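What's in data_2.cif: mmCIF, C-alpha atoms
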data_upload
loop_
_atom_site.group_PDB
_atom_site.id
_atom_site.type_symbol
_atom_site.label_atom_id
_atom_site.label_comp_id
_atom_site.auth_asym_id
_atom_site.auth_seq_id
_atom_site.Cartn_x
_atom_site.Cartn_y
_atom_site.Cartn_z
ATOM 1 C CA MET A 1478 -4.714 147.625 -125.113
ATOM 2 C CA VAL A 1479 -4.885 149.763 -128.227
ATOM 3 C CA ARG A 1480 -5.201 153.525 -127.789
ATOM 4 C CA VAL A 1481 -7.405 155.390 -130.211
ATOM 5 C CA ALA A 1482 -7.394 159.156 -130.655
ATOM 6 C CA ALA A 1483 -10.454 161.167 -129.664
ATOM 7 C CA SER A 1484 -12.875 162.335 -132.336
ATOM 8 C CA ASN A 1485 -13.507 165.758 -130.749
ATOM 9 C CA LEU A 1486 -12.101 168.265 -128.256
ATOM 10 C CA ASN A 1487 -14.637 167.696 -125.475
ATOM 11 C CA ASN A 1488 -12.612 165.487 -123.115
ATOM 12 C CA ILE A 1489 -9.017 166.722 -123.316
ATOM 13 C CA LEU A 1490 -6.897 165.871 -120.277
ATOM 14 C CA ILE A 1491 -3.700 167.653 -119.218
ATOM 15 C CA TYR A 1492 -1.790 166.004 -116.404
ATOM 16 C CA PRO A 1493 -0.154 166.590 -114.069
ATOM 17 C CA ASN A 1494 -1.563 170.069 -113.646
ATOM 18 C CA PRO A 1495 0.136 171.804 -111.933
ATOM 19 C CA PHE A 1496 3.359 170.475 -113.420
ATOM 20 C CA TYR A 1497 6.365 170.501 -111.080
ATOM 21 C CA ALA A 1498 9.266 170.720 -113.528
ATOM 22 C CA ASN A 1499 12.014 169.632 -111.135
ATOM 23 C CA ARG A 1500 10.103 166.847 -109.376
ATOM 24 C CA GLY A 1501 7.687 164.079 -110.160
ATOM 25 C CA GLN A 1502 7.404 162.391 -113.527
ATOM 26 C CA GLY A 1503 9.216 165.082 -115.533
ATOM 27 C CA PHE A 1504 6.688 165.564 -118.328
ATOM 28 C CA VAL A 1505 3.141 166.706 -119.064
ATOM 29 C CA THR A 1506 0.680 164.488 -120.916
ATOM 30 C CA ILE A 1507 -1.905 166.092 -123.190
ATOM 31 C CA ASP A 1508 -4.380 163.287 -123.773
ATOM 32 C CA LYS A 1509 -7.662 162.504 -125.517
ATOM 33 C CA ILE A 1510 -7.082 164.780 -128.495
ATOM 34 C CA PRO A 1511 -7.857 163.997 -132.140
ATOM 35 C CA ALA A 1512 -5.083 162.480 -134.278
ATOM 36 C CA SER A 1513 -3.045 165.029 -136.251
ATOM 37 C CA SER A 1514 -4.066 167.861 -133.905
ATOM 38 C CA LYS A 1515 -1.550 170.657 -133.517
ATOM 39 C CA VAL A 1516 -0.656 171.394 -129.898
ATOM 40 C CA ARG A 1517 0.971 174.728 -129.121
ATOM 41 C CA ILE A 1518 2.008 176.072 -125.736
ATOM 42 C CA TYR A 1519 2.142 179.832 -125.153
ATOM 43 C CA THR A 1520 3.023 182.173 -122.314
ATOM 44 C CA LEU A 1521 0.219 184.439 -121.116
ATOM 45 C CA SER A 1522 1.870 187.261 -123.083
ATOM 46 C CA GLY A 1523 1.408 185.249 -126.295
ATOM 47 C CA ASP A 1524 4.954 184.008 -126.911
ATOM 48 C CA LYS A 1525 5.011 180.509 -128.404
ATOM 49 C CA VAL A 1526 7.048 178.192 -126.211
ATOM 50 C CA TRP A 1527 6.638 174.806 -127.913
ATOM 51 C CA GLU A 1528 4.587 172.901 -130.474
ATOM 52 C CA ALA A 1529 3.933 169.336 -131.595
ATOM 53 C CA THR A 1530 1.492 167.265 -133.629
ATOM 54 C CA ALA A 1531 -0.510 164.422 -132.122
ATOM 55 C CA GLY A 1532 -0.024 160.972 -133.563
ATOM 56 C CA SER A 1533 -2.631 158.280 -134.103
ATOM 57 C CA THR A 1534 -3.016 157.698 -130.344
ATOM 58 C CA GLY A 1535 -4.163 161.252 -129.608
ATOM 59 C CA VAL A 1536 -1.456 161.865 -127.011
ATOM 60 C CA VAL A 1537 1.291 164.509 -126.877
ATOM 61 C CA ILE A 1538 4.089 164.579 -124.288
ATOM 62 C CA TRP A 1539 5.725 167.876 -123.281
ATOM 63 C CA LYS A 1540 8.872 167.824 -121.158
ATOM 64 C CA GLY A 1541 8.396 171.370 -119.883
ATOM 65 C CA VAL A 1542 11.005 172.854 -122.186
ATOM 66 C CA ASN A 1543 10.958 175.674 -124.711
ATOM 67 C CA LYS A 1544 11.986 175.508 -128.391
ATOM 68 C CA SER A 1545 15.645 175.788 -127.331
ATOM 69 C CA GLY A 1546 15.409 172.856 -124.923
ATOM 70 C CA TYR A 1547 15.514 174.870 -121.675
ATOM 71 C CA LEU A 1548 13.017 174.372 -118.846
ATOM 72 C CA VAL A 1549 10.345 177.059 -118.920
ATOM 73 C CA ALA A 1550 9.850 179.481 -116.038
ATOM 74 C CA SER A 1551 7.203 179.029 -113.372
ATOM 75 C CA GLY A 1552 3.845 180.455 -114.392
ATOM 76 C CA ILE A 1553 0.588 179.860 -116.209
ATOM 77 C CA TYR A 1554 0.751 178.666 -119.812
ATOM 78 C CA LEU A 1555 -1.926 178.342 -122.476
ATOM 79 C CA VAL A 1556 -2.239 174.997 -124.235
ATOM 80 C CA VAL A 1557 -3.897 175.475 -127.624
ATOM 81 C CA VAL A 1558 -5.180 172.357 -129.387
ATOM 82 C CA ASP A 1559 -6.090 172.861 -133.069
ATOM 83 C CA ALA A 1560 -7.998 170.053 -134.763
ATOM 84 C CA SER A 1561 -10.177 169.766 -137.841
ATOM 85 C CA SER A 1562 -13.163 169.819 -135.451
ATOM 86 C CA GLY A 1563 -12.162 173.163 -133.902
ATOM 87 C CA LYS A 1564 -9.840 174.788 -131.384
ATOM 88 C CA LYS A 1565 -9.639 174.534 -127.599
ATOM 89 C CA VAL A 1566 -7.541 176.583 -125.170
ATOM 90 C CA LEU A 1567 -6.673 175.208 -121.732
ATOM 91 C CA LYS A 1568 -4.479 176.472 -118.897
ATOM 92 C CA LEU A 1569 -1.454 174.708 -117.443
ATOM 93 C CA ALA A 1570 0.433 175.753 -114.314
ATOM 94 C CA VAL A 1571 4.202 175.154 -114.193
ATOM 95 C CA GLU A 1572 6.239 175.381 -111.003
ATOM 96 C CA ARG A 1573 10.019 174.995 -110.848
#

Represent the structure of the file as structure tokens.
Amino acid sequence: MVRVAASNLNNILIYPNPFYANRGQGFVTIDKIPASSKVRIYTLSGDKVWEATAGSTGVVIWKGVNKSGYLVASGIYLVVVDASSGKKVLKLAVER
């Protein structure tokens, strides 16, 4: 099966949500996004925690860590997806 990136921001999936950092699969999948989209994760106070660029499959994997490689604290985070077709902001809950 060949995965193809989405052409718009209408059907983005973030799973698991909530994300249990110390149990379960150990990562968050941000799926159904356009290729080359920038994905940034922020705290509610606006501090950037992490960023990545989607590949040709339209999937980004986040391991629940900040830019320094440490697990983030429990809380609500904003997932910002920037694509040529626009921008979408979604919420993600993290529990440690």

Contacts of Ala1531 of chain A at 7 Å or less, counting all atoms listed in the file, minus same-chain residues fewer than 3 places along, as a PyMOL selection string? chain A and resi 1512-1515+1535-1537

Show which residues sit within 7 Å of Val1556 of chain A, as a VMD selection string. Count only C-alpha atoms, and ignore same-chain residues fewer than 5 positions away. chain A and resid 1516 to 1519 1566 to 1569

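Shortest separation to Leu1555 of chain A among A:Gln1502, A:Ser1484, A:Thr1520, A:Ser1533 occurs at residue A:Thr1520, atoms counted being only C-alpha atoms.
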
Enter the distance from atom CA of Thr1534 of chain A to atom CA of Leu1548 of chain A, in Å, rounded to one decimal.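 For atom CA of Thr1534 of chain A relative to atom CA of Leu1548 of chain A, the distance reads 25.8 Å.
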
So which one's closest to Ile1510 of chain A, A:Gly1523, A:Gly1546, A:Pro1493, A:Gly1563? Using all atoms listed in the file, please.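 Residue with the minimum atom-to-atom distance to Ile1510 of chain A: A:Gly1563.
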
Considering all atoms listed in the file, can you say which of A:Ile1491, A:Ile1553, A:Ala1529, A:Ala1560 comes closest to Phe1504 of chain A?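 Under the stated criterion, the closest residue is A:Ile1491.
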
Env of segment 1494-1496 of chain A: 9 Å cut, atoms = all atoms listed in the file, seq-sep filter 5 positions within chain, self excluded. Answer as a list of chain:residue names.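 These residues fall inside the cut-off: A:Gly1501, A:Gly1503, A:Phe1504, A:Val1505, A:Gly1541, A:Lys1568, A:Leu1569, A:Ala1570, A:Val1571, A:Glu1572, A:Arg1573.
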
Proximity to Ala1498 of chain A - best of A:Gly1552, A:Arg1480, A:Asn1485, A:Asp1559, only C-alpha atoms: A:Gly1552

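Atom CA of Trp1539 of chain A is found 7.8 Å from atom CA of Ile1507 of chain A.
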
One decimal, Å: what's the distance from atom CA of Ile1538 of chain A over to atom CA of Asp1508 of chain A, could you say? 8.6 Å

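In terms of minimum interatomic distance to Tyr1497 of chain A, A:Lys1540 ranks closest within A:Val1558, A:Ala1483, A:Lys1540, A:Ser1545, counting all atoms listed in the file.
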
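In this comparison, which uses only C-alpha atoms, the residue of A:Lys1544, A:Trp1527, A:Lys1509, A:Ser1522 approaching Val1557 of chain A most closely is A:Trp1527.
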